[in-house]
Amino acid sequence: MSRFSGFPAHIEKHVGRVRGAHSRMAGGRDRGYDLVYCDHPDGAHVTVLTSGLRDRTAGAPLPQELVCTLQADQELHARHLAGVIAELLTESNSRVGYGALIMNDRVLLPESEIAGALAAPHPYLGDEFDVLLDDSGQPVLQLITLVPITRGEAQLVARYGRDALYDRWEQTGANLLDIHRPCTA
């Protein structure tokens, strides 16, 4: 039995039913991970996550998978953000940690101000979501949530640190699951 065998149950417990996946094969090549779609029980949100990226994140303290949760009608945007960042990490043989900014030089998600993501614990799920434990209670997998951010928010993080951005989000009551939210910086 794989040390990751609890991964599907962990995902369904925290973000809802797995609906389907886009195959590892893209454009005739094996990209090394699937994009998995989960429907939240509330019906208002969707999560797109990678499955298989953990095999390519050597050197990280724990193997990693990426997660992006958005409003249900923004599923294509969640897929795009998770897919683009997973592709970037696999091509560069890199990994990310909490607090990392992954930015594009222009808007990344059409019809929004979103130009990248902040790698973070999931902003709305408890701490038990962010790390998968094996049967003996040992951490075996880290889930890195991609929180969509604007260029202005990234500049705020670069200048004052991520706590300044979290404070701003809290002050403004920003809905981090909506790519159409205004920049809070």
# chains A, B, ... in the order shown; residues from 1 in each chain; ligands from 1
>>> select_by_dssp(residues="chain A", states="alpha helix (DSSP H)", output="PyMOL selection string")
chain A and resi 7-15+75-92+127-130+151-160+162-172
>>> closest_atom_pairs(of="segment 141-164 of chain A", to="segment 86-99 of chain A", cutoff="12 Å", atoms="only C-alpha atoms", output="JSON lines")
{"residue": "A:Gln142", "atom": "CA", "partner": "A:Gly97", "partner_atom": "CA", "distance": 9.5}
{"residue": "A:Leu143", "atom": "CA", "partner": "A:Gly97", "partner_atom": "CA", "distance": 9.9}
{"residue": "A:Ile144", "atom": "CA", "partner": "A:Tyr98", "partner_atom": "CA", "distance": 7.2}
{"residue": "A:Thr145", "atom": "CA", "partner": "A:Tyr98", "partner_atom": "CA", "distance": 8.6}
{"residue": "A:Leu146", "atom": "CA", "partner": "A:Tyr98", "partner_atom": "CA", "distance": 9.6}
{"residue": "A:Val147", "atom": "CA", "partner": "A:Gly99", "partner_atom": "CA", "distance": 10.4}
{"residue": "A:Ala154", "atom": "CA", "partner": "A:Gly99", "partner_atom": "CA", "distance": 10.6}
{"residue": "A:Val157", "atom": "CA", "partner": "A:Gly99", "partner_atom": "CA", "distance": 8.8}
{"residue": "A:Ala158", "atom": "CA", "partner": "A:Gly99", "partner_atom": "CA", "distance": 10.2}
{"residue": "A:Gly161", "atom": "CA", "partner": "A:Gly99", "partner_atom": "CA", "distance": 8.6}
{"residue": "A:Arg162", "atom": "CA", "partner": "A:Gly99", "partner_atom": "CA", "distance": 6.6}
{"residue": "A:Asp163", "atom": "CA", "partner": "A:Gly99", "partner_atom": "CA", "distance": 9.5}
{"residue": "A:Ala164", "atom": "CA", "partner": "A:Gly99", "partner_atom": "CA", "distance": 11.9}
>>> write_last_selection(atoms="all heavy atoms", output="short mmCIF file (atom, residue, chain, number, x, y, z; two decimals), in the first residue's frame")
data_model
loop_
_atom_site.label_atom_id
_atom_site.label_comp_id
_atom_site.auth_asym_id
_atom_site.auth_seq_id
_atom_site.Cartn_x
_atom_site.Cartn_y
_atom_site.Cartn_z
N GLN A 142 2.36 17.49 1.43
CA GLN A 142 1.94 18.86 1.73
C GLN A 142 1.07 19.36 0.59
O GLN A 142 1.43 19.22 -0.59
CB GLN A 142 3.15 19.77 1.89
CG GLN A 142 2.78 21.18 2.28
CD GLN A 142 4.00 22.07 2.49
OE1 GLN A 142 5.03 21.87 1.86
NE2 GLN A 142 3.87 23.03 3.37
N LEU A 143 -0.07 19.95 0.95
CA LEU A 143 -0.96 20.56 -0.04
C LEU A 143 -0.71 22.06 -0.02
O LEU A 143 -0.91 22.72 1.00
CB LEU A 143 -2.41 20.23 0.28
CG LEU A 143 -2.71 18.73 0.26
CD1 LEU A 143 -4.10 18.44 0.81
CD2 LEU A 143 -2.56 18.17 -1.13
N ILE A 144 -0.27 22.57 -1.15
CA ILE A 144 0.02 23.99 -1.29
C ILE A 144 -1.16 24.64 -2.01
O ILE A 144 -1.45 24.31 -3.17
CB ILE A 144 1.30 24.22 -2.13
CG1 ILE A 144 2.49 23.48 -1.53
CG2 ILE A 144 1.56 25.71 -2.32
CD1 ILE A 144 3.07 24.10 -0.29
N THR A 145 -1.85 25.55 -1.33
CA THR A 145 -2.98 26.24 -1.95
C THR A 145 -2.47 27.45 -2.72
O THR A 145 -1.64 28.21 -2.22
CB THR A 145 -4.01 26.66 -0.88
OG1 THR A 145 -4.50 25.48 -0.25
CG2 THR A 145 -5.16 27.42 -1.51
N LEU A 146 -2.98 27.59 -3.92
CA LEU A 146 -2.67 28.75 -4.76
C LEU A 146 -3.78 29.78 -4.59
O LEU A 146 -4.90 29.58 -5.06
CB LEU A 146 -2.57 28.32 -6.23
CG LEU A 146 -1.54 27.22 -6.51
CD1 LEU A 146 -1.65 26.75 -7.95
CD2 LEU A 146 -0.13 27.70 -6.19
N VAL A 147 -3.46 30.85 -3.87
CA VAL A 147 -4.43 31.92 -3.64
C VAL A 147 -4.19 32.97 -4.73
O VAL A 147 -3.11 33.56 -4.78
CB VAL A 147 -4.27 32.55 -2.24
CG1 VAL A 147 -5.28 33.67 -2.04
CG2 VAL A 147 -4.40 31.48 -1.15
N ALA A 154 0.90 41.49 -4.83
CA ALA A 154 2.24 40.90 -4.86
C ALA A 154 3.29 41.93 -4.46
O ALA A 154 4.24 41.62 -3.73
CB ALA A 154 2.55 40.33 -6.24
N VAL A 157 3.28 42.30 -0.73
CA VAL A 157 4.00 41.19 -0.10
C VAL A 157 5.51 41.39 -0.24
O VAL A 157 6.26 41.21 0.73
CB VAL A 157 3.59 39.83 -0.71
CG1 VAL A 157 4.50 38.71 -0.22
CG2 VAL A 157 2.14 39.51 -0.36
N ALA A 158 5.96 41.77 -1.43
CA ALA A 158 7.39 41.95 -1.67
C ALA A 158 7.96 43.05 -0.78
O ALA A 158 9.10 42.96 -0.30
CB ALA A 158 7.64 42.28 -3.14
N GLY A 161 5.91 42.00 3.35
CA GLY A 161 5.71 40.63 3.81
C GLY A 161 4.27 40.18 3.68
O GLY A 161 3.36 40.99 3.56
N ARG A 162 4.09 38.88 3.73
CA ARG A 162 2.75 38.33 3.49
C ARG A 162 1.77 38.66 4.59
O ARG A 162 0.56 38.74 4.36
CB ARG A 162 2.81 36.84 3.23
CG ARG A 162 3.22 36.03 4.41
CD ARG A 162 3.27 34.57 4.10
NE ARG A 162 3.76 33.87 5.28
CZ ARG A 162 4.19 32.67 5.30
NH1 ARG A 162 4.22 31.97 4.20
NH2 ARG A 162 4.60 32.12 6.41
N ASP A 163 2.26 38.90 5.83
CA ASP A 163 1.34 39.25 6.91
C ASP A 163 0.61 40.56 6.61
O ASP A 163 -0.56 40.72 6.97
CB ASP A 163 2.06 39.35 8.25
CG ASP A 163 2.47 38.00 8.79
OD1 ASP A 163 1.94 36.97 8.30
OD2 ASP A 163 3.33 37.94 9.70
N ALA A 164 1.28 41.49 5.94
CA ALA A 164 0.64 42.75 5.56
C ALA A 164 -0.52 42.49 4.61
O ALA A 164 -1.57 43.13 4.71
CB ALA A 164 1.65 43.70 4.92
#
>>> residues_around(residues="Tyr124 of chain A", least_positions_apart="4", cutoff="12 Å", atoms="only C-alpha atoms", output="MDAnalysis selection string")
chainID A and resid 14:15 45 68:70 120 128:130 145 147 175:177
>>> residues_around(residues="Ser2 of chain A", least_positions_apart="3", cutoff="12 Å", atoms="only C-alpha atoms", output="number ranges by chain")
A: 5-7, 134-135, 140-141
>>> select_by_dssp(residues="chain A", states="strand (DSSP E or B)", output="JSON, numbers by chain")
{"A": [17, 18, 19, 20, 21, 22, 25, 26, 29, 30, 34, 35, 36, 37, 38, 39, 45, 46, 47, 48, 49, 50, 51, 64, 65, 66, 67, 68, 69, 70, 71, 101, 102, 103, 114, 115, 116, 117, 118, 119, 120, 131, 132, 133, 139, 140, 141, 142, 143, 144, 145, 146, 147, 148, 149, 150]}
